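Asks: What follows is structure-v1.cif, mmCIF, C-alpha atoms and all ligand atoms.
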data_protein
#
loop_
_atom_site.label_atom_id
_atom_site.label_comp_id
_atom_site.auth_asym_id
_atom_site.auth_seq_id
_atom_site.Cartn_x
_atom_site.Cartn_y
_atom_site.Cartn_z
CA MET A 1 0.00 0.00 0.00
CA LYS A 2 1.21 3.49 -0.78
CA ALA A 3 1.87 5.73 2.22
CA LYS A 4 -0.25 8.85 2.39
CA LYS A 5 0.92 10.41 5.66
CA ALA A 6 4.41 10.96 6.98
CA LEU A 7 6.08 12.38 10.07
CA VAL A 8 8.75 15.06 9.77
CA VAL A 9 10.99 15.82 12.74
CA VAL A 10 12.92 19.03 12.18
CA ASP A 11 16.47 19.60 13.47
CA LEU A 12 16.42 17.99 16.91
CA GLN A 13 20.17 18.50 17.19
CA ASN A 14 22.51 19.34 20.07
CA ASP A 15 23.23 22.85 18.82
CA PHE A 16 19.52 23.74 18.91
CA CYS A 17 19.04 22.39 22.43
CA PRO A 18 20.07 24.03 25.72
CA GLY A 19 23.87 24.22 25.92
CA GLY A 20 24.23 24.19 22.12
CA ALA A 21 25.62 26.94 19.90
CA LEU A 22 22.10 28.17 19.12
CA GLY A 23 20.26 26.54 21.97
CA VAL A 24 16.50 27.02 22.00
CA ARG A 25 15.26 27.45 25.56
CA GLU A 26 13.57 24.22 26.66
CA GLY A 27 14.13 22.77 23.21
CA ASP A 28 14.92 19.41 24.77
CA LEU A 29 11.54 19.29 26.54
CA ILE A 30 9.79 18.23 23.33
CA ILE A 31 11.93 15.11 22.92
CA PRO A 32 9.67 12.67 24.84
CA ALA A 33 6.71 13.79 22.71
CA VAL A 34 8.72 13.49 19.51
CA ASN A 35 9.82 9.98 20.47
CA LYS A 36 6.17 9.03 20.98
CA TYR A 37 5.19 10.35 17.55
CA VAL A 38 8.06 8.45 15.96
CA LYS A 39 6.88 5.21 17.56
CA LEU A 40 3.28 5.84 16.50
CA PHE A 41 4.18 6.40 12.86
CA LEU A 42 6.51 3.41 12.72
CA ASN A 43 3.86 1.20 14.32
CA LYS A 44 1.54 2.21 11.49
CA ASN A 45 4.25 1.55 8.92
CA LEU A 46 4.27 5.22 7.93
CA PRO A 47 7.46 7.00 6.88
CA VAL A 48 9.44 9.04 9.38
CA PHE A 49 11.67 11.80 8.02
CA VAL A 50 14.27 13.33 10.31
CA SER A 51 16.02 16.49 9.15
CA ARG A 52 19.28 17.96 10.30
CA ASP A 53 21.05 21.23 9.68
CA TRP A 54 24.33 20.11 8.15
CA HIS A 55 26.49 23.12 7.39
CA PRO A 56 30.02 23.36 6.03
CA LYS A 57 32.50 25.33 8.17
CA THR A 58 32.10 28.35 5.92
CA THR A 59 28.65 29.37 4.70
CA LYS A 60 26.79 32.61 4.04
CA HIS A 61 24.46 31.42 6.81
CA PHE A 62 27.09 32.31 9.45
CA GLN A 63 27.91 35.79 10.78
CA GLU A 64 31.57 35.65 9.76
CA SER A 65 30.42 35.45 6.12
CA GLY A 66 27.76 38.14 6.52
CA GLY A 67 24.91 35.85 7.62
CA PRO A 68 22.62 36.07 10.63
CA TRP A 69 23.87 33.22 12.82
CA PRO A 70 26.86 32.13 14.87
CA PRO A 71 28.38 28.87 13.65
CA HIS A 72 26.16 25.88 14.42
CA CYS A 73 25.47 22.34 13.21
CA ILE A 74 28.76 22.02 11.38
CA GLN A 75 29.02 18.68 9.59
CA ASN A 76 30.45 15.85 11.69
CA THR A 77 30.67 17.84 14.93
CA ARG A 78 28.94 17.04 18.21
CA GLY A 79 26.71 20.08 17.83
CA ALA A 80 25.31 18.65 14.60
CA GLU A 81 24.49 15.29 16.14
CA PHE A 82 20.92 14.51 17.07
CA HIS A 83 20.19 15.08 20.76
CA PRO A 84 21.15 11.88 22.60
CA ASP A 85 17.62 11.45 24.03
CA PHE A 86 16.02 11.59 20.58
CA ARG A 87 15.57 7.99 19.51
CA VAL A 88 16.19 8.04 15.79
CA PRO A 89 15.11 4.63 14.51
CA GLY A 90 16.98 2.74 11.83
CA GLN A 91 13.99 3.10 9.48
CA ALA A 92 14.04 6.91 9.68
CA ILE A 93 14.97 8.75 6.52
CA ILE A 94 17.63 11.28 7.41
CA LEU A 95 17.64 14.48 5.37
CA SER A 96 20.44 17.04 5.43
CA LYS A 97 20.05 20.72 4.62
CA GLY A 98 22.20 23.83 4.63
CA ILE A 99 24.96 21.90 2.89
CA ASN A 100 25.22 24.44 0.09
CA PRO A 101 27.33 27.38 1.40
CA ASP A 102 25.19 29.78 -0.66
CA MET A 103 21.90 28.71 0.89
CA ASP A 104 20.42 29.01 4.39
CA GLY A 105 18.53 25.76 4.22
CA TYR A 106 15.74 26.60 6.64
CA SER A 107 13.16 24.42 4.94
CA VAL A 108 13.24 20.63 4.89
CA PHE A 109 12.24 21.01 1.23
CA ASP A 110 15.85 22.14 0.69
CA ALA A 111 17.10 18.89 2.23
CA GLN A 112 18.41 15.76 0.55
CA ASN A 113 19.04 12.20 1.62
CA GLU A 114 22.45 10.54 1.53
CA GLN A 115 22.03 9.79 -2.20
CA GLY A 116 21.22 13.40 -2.98
CA LYS A 117 17.51 12.86 -3.52
CA PHE A 118 15.33 15.79 -2.50
CA PHE A 119 12.57 15.52 0.10
CA GLU A 120 9.74 16.41 -2.28
CA ASP A 121 10.81 13.78 -4.83
CA MET A 122 10.78 11.16 -2.08
CA LEU A 123 7.31 12.25 -0.96
CA ASP A 124 6.02 12.05 -4.53
CA GLU A 125 7.47 8.58 -5.03
CA MET A 126 5.94 7.35 -1.78
CA GLY A 127 2.57 8.93 -2.51
CA VAL A 128 2.73 11.05 0.65
CA LYS A 129 0.12 13.81 0.65
CA GLU A 130 -0.03 14.76 4.34
CA LEU A 131 2.79 15.87 6.60
CA TYR A 132 2.84 15.89 10.39
CA ILE A 133 5.55 18.34 11.39
CA GLY A 134 7.36 18.73 14.72
CA GLY A 135 10.78 19.81 15.96
CA ILE A 136 12.86 22.96 16.30
CA ALA A 137 12.56 25.88 15.80
CA THR A 138 8.89 26.84 15.44
CA ASP A 139 9.73 30.32 14.14
CA TYR A 140 12.46 29.24 11.67
CA CYS A 141 12.80 25.78 10.23
CA VAL A 142 9.41 24.43 11.32
CA ARG A 143 7.82 27.60 9.94
CA MET A 144 9.59 27.49 6.58
CA THR A 145 8.98 23.78 6.17
CA SER A 146 5.27 24.08 7.02
CA LEU A 147 4.70 27.06 4.71
CA ASP A 148 6.61 25.40 1.87
CA ALA A 149 4.54 22.26 2.33
CA ILE A 150 1.29 24.23 2.24
CA ASN A 151 2.41 26.09 -0.88
CA LYS A 152 3.25 22.79 -2.50
CA LYS A 153 -0.29 21.57 -1.75
CA PHE A 154 0.49 19.08 0.96
CA LYS A 155 -1.97 18.81 3.81
CA VAL A 156 -0.06 20.07 6.85
CA HIS A 157 -0.50 19.21 10.51
CA VAL A 158 1.75 21.04 12.94
CA LEU A 159 2.32 19.05 16.13
CA VAL A 160 1.85 21.75 18.73
CA ASP A 161 3.02 19.52 21.59
CA ALA A 162 6.24 18.66 19.78
CA ILE A 163 7.62 22.03 18.64
CA LYS A 164 9.67 24.73 20.36
CA GLY A 165 10.55 28.21 19.17
CA VAL A 166 13.38 30.68 19.62
CA ASP A 167 11.11 33.67 20.28
CA GLU A 168 7.71 33.28 21.92
CA GLU A 169 6.00 36.12 20.09
CA ALA A 170 7.41 35.06 16.71
CA SER A 171 6.34 31.49 17.44
CA ARG A 172 2.78 32.62 18.17
CA ARG A 173 2.76 34.59 14.94
CA THR A 174 4.02 31.52 13.12
CA ILE A 175 1.15 29.43 14.43
CA ASP A 176 -1.35 32.13 13.36
CA GLU A 177 0.27 32.30 9.94
CA ILE A 178 0.08 28.54 9.47
CA VAL A 179 -3.58 28.44 10.55
CA ALA A 180 -4.38 31.36 8.23
CA GLN A 181 -2.92 29.32 5.38
CA LYS A 182 -5.10 26.34 6.27
CA GLY A 183 -2.53 24.31 8.15
CA ASN A 184 -3.89 22.23 11.04
CA LEU A 185 -2.75 22.19 14.66
CA LYS A 186 -2.65 18.75 16.23
CA THR A 187 -1.71 17.09 19.51
CA TYR A 188 -0.69 13.52 20.16
CA SER A 189 -4.20 12.38 21.07
CA ASP A 190 -5.60 13.85 17.83
CA VAL A 191 -2.99 12.12 15.75
CA SER A 192 -3.14 8.77 17.48
CA SER A 193 -6.91 8.57 17.02
CA GLU A 194 -6.64 9.78 13.42
CA LEU A 195 -4.13 7.08 12.58
CA SER A 196 -6.29 4.42 14.23
CA ASP A 197 -9.33 5.36 12.16
CA GLY A 198 -7.79 3.86 9.06
CA PHE A 199 -6.07 5.85 6.37
C1 LIG B 201 17.32 27.08 12.54
C2 LIG B 201 18.19 29.13 13.04
C3 LIG B 201 19.24 28.92 12.20
C4 LIG B 201 16.25 26.06 12.78
C5 LIG B 201 18.36 26.86 11.69
O1 LIG B 201 16.52 24.87 12.67
O2 LIG B 201 15.12 26.46 13.09
N1 LIG B 201 17.25 28.23 13.21
N2 LIG B 201 19.31 27.79 11.53
#
In structure tokens, how does this file's structure come out?
Replies:
Amino acid sequence: MKAKKALVVVDLQNDFCPGGALGVREGDLIIPAVNKYVKLFLNKNLPVFVSRDWHPKTTKHFQESGGPWPPHCIQNTRGAEFHPDFRVPGQAIILSKGINPDMDGYSVFDAQNEQGKFFEDMLDEMGVKELYIGGIATDYCVRMTSLDAINKKFKVHVLVDAIKGVDEEASRRTIDEIVAQKGNLKTYSDVSSELSDGF
């Protein structure tokens, strides 16, 4: 059977969690919820995509090259590793973004798997039409990914109990923006009953 729904976990990496180079306050608190979602999707044989920021040492994304951010998530460093409490299963499809030094790579739609295949091409091949999106940060990569997905005509569900933002006000605005564009807000109980109702 072709998969219709998929989970996307955005950038749950050490550098975006407390103590990291760009640590989001309480970013690690969403990890238990994310782990539950991962289990739920795998139990239903639905695809789980896990993105990571995966920057070269020098990129226009970093302040020293005129970008907005201090260095973070540099390829093959501890800061770029997934948080140790995040249980990334073997079946997860890992997507890397921000590899190109000329691109920021906020959206998971800019990400590729190990073979260089882009996220959207994978979704099309798998017949995925609906995305359940969680992770870090609400006001940056979760935002860009969700809005891209909506623009590309995917049905989008933002997992409000499994996201964390850099700035509270900007995160609230992000949620409003996503709702205004017909994205849905979901919690674990919504999703678990939805997935049990057949799909
Ligand atoms: C992100 C800031 C800079 C994110 C990435 O993953 O939300 N935020 N780079």
Asks: Taking all atoms listed in the file into account, name the residue in A:Gly134, A:Gly90, A:Pro68, A:Gly19 that is nearest to ligand LIG 201 (chain B).
Replies: A:Pro68
Asks: Extending 5 Å beyond the listed atoms of range 188-198 of chain A on each side, what axis-aligned box results? I want centre and edge lengths in Å to one decimal, as lines of an AutoDock Vina configuration file.
Replies:
center_x = -5.0
center_y = 8.9
center_z = 15.1
size_x = 18.6
size_y = 20.0
size_z = 22.0
Asks: So which residues fall inside 12 Å of (-3.8, 13.6, 17.0) if we count all atoms listed in the file? Mind giving them as a PyMOL selection string?
Replies: chain A and resi 33+36-37+40-41+132-133+157-162+184-197
Asks: What are the closest atom pairs, with distances in Å to one decimal, for each residue of range 68-179 of chain A lying within 9 Å of range 43-55 of chain A, using all atoms listed in the file, rows by chain and rising residue number, as CSV?
Replies:
residue,atom,partner,partner_atom,distance
A:Pro71,CA,A:His55,CA,8.7
A:His72,CA,A:His55,CA,7.6
A:Cys73,CA,A:Trp54,CA,5.6
A:Ile74,CA,A:His55,CA,4.7
A:Gln75,CA,A:Trp54,CA,5.1
A:Asn76,CA,A:Trp54,CA,8.3
A:Ala80,CA,A:Trp54,CA,6.7
A:Glu81,CA,A:Arg52,CA,8.3
A:Phe82,CA,A:Arg52,CA,7.8
A:Val88,CA,A:Val50,CA,7.9
A:Pro89,CA,A:Val48,CA,8.8
A:Gln91,CA,A:Val48,CA,7.5
A:Ala92,CA,A:Val48,CA,5.1
A:Ile93,CA,A:Phe49,CA,4.7
A:Ile94,CA,A:Val50,CA,4.9
A:Leu95,CA,A:Ser51,CA,4.6
A:Ser96,CA,A:Arg52,CA,5.1
A:Lys97,CA,A:Asp53,CA,5.2
A:Gly98,CA,A:His55,CA,5.2
A:Ile99,CA,A:His55,CA,4.9
A:Asn100,CA,A:His55,CA,7.5
A:Pro101,CA,A:His55,CA,7.4
A:Asp104,CA,A:His55,CA,9.0
A:Gly105,CA,A:Asp53,CA,7.5
A:Tyr106,CA,A:Asp53,CA,8.1
A:Val108,CA,A:Ser51,CA,6.6
A:Ala111,CA,A:Ser51,CA,7.4
A:Gln112,CA,A:Ser51,CA,9.0
A:Phe119,CA,A:Phe49,CA,8.8
A:Met126,CA,A:Pro47,CA,8.8
A:Val128,CA,A:Pro47,CA,8.8
Asks: Any chance you can output those residues with C-alpha atoms as a PDB file, in the frame of the given file?
Replies:
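Final output, part.pdb:
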ATOM      1  CA  PRO A  71      28.380  28.870  13.650  1.00  0.00           C
ATOM      2  CA  HIS A  72      26.160  25.880  14.420  1.00  0.00           C
ATOM      3  CA  CYS A  73      25.470  22.340  13.210  1.00  0.00           C
ATOM      4  CA  ILE A  74      28.760  22.020  11.380  1.00  0.00           C
ATOM      5  CA  GLN A  75      29.020  18.680   9.590  1.00  0.00           C
ATOM      6  CA  ASN A  76      30.450  15.850  11.690  1.00  0.00           C
ATOM      7  CA  ALA A  80      25.310  18.650  14.600  1.00  0.00           C
ATOM      8  CA  GLU A  81      24.490  15.290  16.140  1.00  0.00           C
ATOM      9  CA  PHE A  82      20.920  14.510  17.070  1.00  0.00           C
ATOM     10  CA  VAL A  88      16.190   8.040  15.790  1.00  0.00           C
ATOM     11  CA  PRO A  89      15.110   4.630  14.510  1.00  0.00           C
ATOM     12  CA  GLN A  91      13.990   3.100   9.480  1.00  0.00           C
ATOM     13  CA  ALA A  92      14.040   6.910   9.680  1.00  0.00           C
ATOM     14  CA  ILE A  93      14.970   8.750   6.520  1.00  0.00           C
ATOM     15  CA  ILE A  94      17.630  11.280   7.410  1.00  0.00           C
ATOM     16  CA  LEU A  95      17.640  14.480   5.370  1.00  0.00           C
ATOM     17  CA  SER A  96      20.440  17.040   5.430  1.00  0.00           C
ATOM     18  CA  LYS A  97      20.050  20.720   4.620  1.00  0.00           C
ATOM     19  CA  GLY A  98      22.200  23.830   4.630  1.00  0.00           C
ATOM     20  CA  ILE A  99      24.960  21.900   2.890  1.00  0.00           C
ATOM     21  CA  ASN A 100      25.220  24.440   0.090  1.00  0.00           C
ATOM     22  CA  PRO A 101      27.330  27.380   1.400  1.00  0.00           C
ATOM     23  CA  ASP A 104      20.420  29.010   4.390  1.00  0.00           C
ATOM     24  CA  GLY A 105      18.530  25.760   4.220  1.00  0.00           C
ATOM     25  CA  TYR A 106      15.740  26.600   6.640  1.00  0.00           C
ATOM     26  CA  VAL A 108      13.240  20.630   4.890  1.00  0.00           C
ATOM     27  CA  ALA A 111      17.100  18.890   2.230  1.00  0.00           C
ATOM     28  CA  GLN A 112      18.410  15.760   0.550  1.00  0.00           C
ATOM     29  CA  PHE A 119      12.570  15.520   0.100  1.00  0.00           C
ATOM     30  CA  MET A 126       5.940   7.350  -1.780  1.00  0.00           C
ATOM     31  CA  VAL A 128       2.730  11.050   0.650  1.00  0.00           C
TER      32      VAL A 128
END
Asks: Could the residues that lie within 6 Å of ligand LIG 201 (chain B), counting only C-alpha atoms and all ligand atoms, be listed as a PyMOL selection string?
Replies: chain A and resi 11+106+136-137+140-141
Asks: To one decimal place in Å, what is the distance between CA of Glu168 in chain A and CA of Glu26 in chain A?
Replies: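 Computed distance, CA of Glu168 in chain A to CA of Glu26 in chain A, equals 11.8 Å.
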Asks: What does the distance from CA of Val10 in chain A to CA of Gly135 in chain A come to in Å, to one decimal?
Replies: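 Those two atoms sit 4.4 Å apart.
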Asks: Which residue is closest to Val166 in chain A? Choose from A:Arg143, A:Arg87, A:Lys60, A:Lys182 and count all atoms listed in the file.
Replies: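 Among A:Arg143, A:Arg87, A:Lys60, A:Lys182, it is A:Arg143 that comes nearest to Val166 in chain A.
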Asks: For a test of reading the model, state the distance in Å between CA of Leu123 in chain A and CA of Phe86 in chain A, rounded to one decimal.
Replies: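 Here the two named atoms are 23.2 Å from each other.
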Asks: What would the file be for range 64-118 of chain A if you keep C-alpha atoms and write it as a PDB file, in the first residue's frame?
Replies:
ATOM      1  CA  GLU A  64      31.565  35.646   9.764  1.00  0.00           C
ATOM      2  CA  SER A  65      30.422  35.449   6.121  1.00  0.00           C
ATOM      3  CA  GLY A  66      27.762  38.135   6.521  1.00  0.00           C
ATOM      4  CA  GLY A  67      24.915  35.849   7.616  1.00  0.00           C
ATOM      5  CA  PRO A  68      22.624  36.073  10.628  1.00  0.00           C
ATOM      6  CA  TRP A  69      23.873  33.224  12.822  1.00  0.00           C
ATOM      7  CA  PRO A  70      26.856  32.130  14.872  1.00  0.00           C
ATOM      8  CA  PRO A  71      28.384  28.870  13.647  1.00  0.00           C
ATOM      9  CA  HIS A  72      26.159  25.881  14.417  1.00  0.00           C
ATOM     10  CA  CYS A  73      25.474  22.338  13.205  1.00  0.00           C
ATOM     11  CA  ILE A  74      28.762  22.023  11.382  1.00  0.00           C
ATOM     12  CA  GLN A  75      29.021  18.678   9.594  1.00  0.00           C
ATOM     13  CA  ASN A  76      30.455  15.850  11.694  1.00  0.00           C
ATOM     14  CA  THR A  77      30.667  17.844  14.930  1.00  0.00           C
ATOM     15  CA  ARG A  78      28.937  17.043  18.215  1.00  0.00           C
ATOM     16  CA  GLY A  79      26.712  20.083  17.827  1.00  0.00           C
ATOM     17  CA  ALA A  80      25.314  18.651  14.603  1.00  0.00           C
ATOM     18  CA  GLU A  81      24.491  15.288  16.141  1.00  0.00           C
ATOM     19  CA  PHE A  82      20.919  14.511  17.068  1.00  0.00           C
ATOM     20  CA  HIS A  83      20.185  15.080  20.756  1.00  0.00           C
ATOM     21  CA  PRO A  84      21.148  11.884  22.600  1.00  0.00           C
ATOM     22  CA  ASP A  85      17.623  11.448  24.029  1.00  0.00           C
ATOM     23  CA  PHE A  86      16.019  11.594  20.584  1.00  0.00           C
ATOM     24  CA  ARG A  87      15.572   7.994  19.509  1.00  0.00           C
ATOM     25  CA  VAL A  88      16.193   8.038  15.791  1.00  0.00           C
ATOM     26  CA  PRO A  89      15.109   4.634  14.511  1.00  0.00           C
ATOM     27  CA  GLY A  90      16.978   2.743  11.828  1.00  0.00           C
ATOM     28  CA  GLN A  91      13.994   3.104   9.476  1.00  0.00           C
ATOM     29  CA  ALA A  92      14.037   6.914   9.680  1.00  0.00           C
ATOM     30  CA  ILE A  93      14.970   8.747   6.516  1.00  0.00           C
ATOM     31  CA  ILE A  94      17.631  11.281   7.406  1.00  0.00           C
ATOM     32  CA  LEU A  95      17.642  14.478   5.373  1.00  0.00           C
ATOM     33  CA  SER A  96      20.443  17.037   5.426  1.00  0.00           C
ATOM     34  CA  LYS A  97      20.052  20.723   4.624  1.00  0.00           C
ATOM     35  CA  GLY A  98      22.195  23.833   4.634  1.00  0.00           C
ATOM     36  CA  ILE A  99      24.958  21.902   2.892  1.00  0.00           C
ATOM     37  CA  ASN A 100      25.219  24.438   0.093  1.00  0.00           C
ATOM     38  CA  PRO A 101      27.326  27.380   1.398  1.00  0.00           C
ATOM     39  CA  ASP A 102      25.188  29.777  -0.658  1.00  0.00           C
ATOM     40  CA  MET A 103      21.900  28.713   0.895  1.00  0.00           C
ATOM     41  CA  ASP A 104      20.422  29.012   4.386  1.00  0.00           C
ATOM     42  CA  GLY A 105      18.531  25.757   4.224  1.00  0.00           C
ATOM     43  CA  TYR A 106      15.737  26.603   6.636  1.00  0.00           C
ATOM     44  CA  SER A 107      13.159  24.418   4.939  1.00  0.00           C
ATOM     45  CA  VAL A 108      13.239  20.634   4.889  1.00  0.00           C
ATOM     46  CA  PHE A 109      12.236  21.012   1.226  1.00  0.00           C
ATOM     47  CA  ASP A 110      15.851  22.135   0.691  1.00  0.00           C
ATOM     48  CA  ALA A 111      17.096  18.890   2.234  1.00  0.00           C
ATOM     49  CA  GLN A 112      18.413  15.760   0.547  1.00  0.00           C
ATOM     50  CA  ASN A 113      19.038  12.196   1.617  1.00  0.00           C
ATOM     51  CA  GLU A 114      22.452  10.536   1.525  1.00  0.00           C
ATOM     52  CA  GLN A 115      22.025   9.787  -2.199  1.00  0.00           C
ATOM     53  CA  GLY A 116      21.221  13.403  -2.983  1.00  0.00           C
ATOM     54  CA  LYS A 117      17.515  12.863  -3.516  1.00  0.00           C
ATOM     55  CA  PHE A 118      15.335  15.792  -2.503  1.00  0.00           C
TER      56      PHE A 118
END
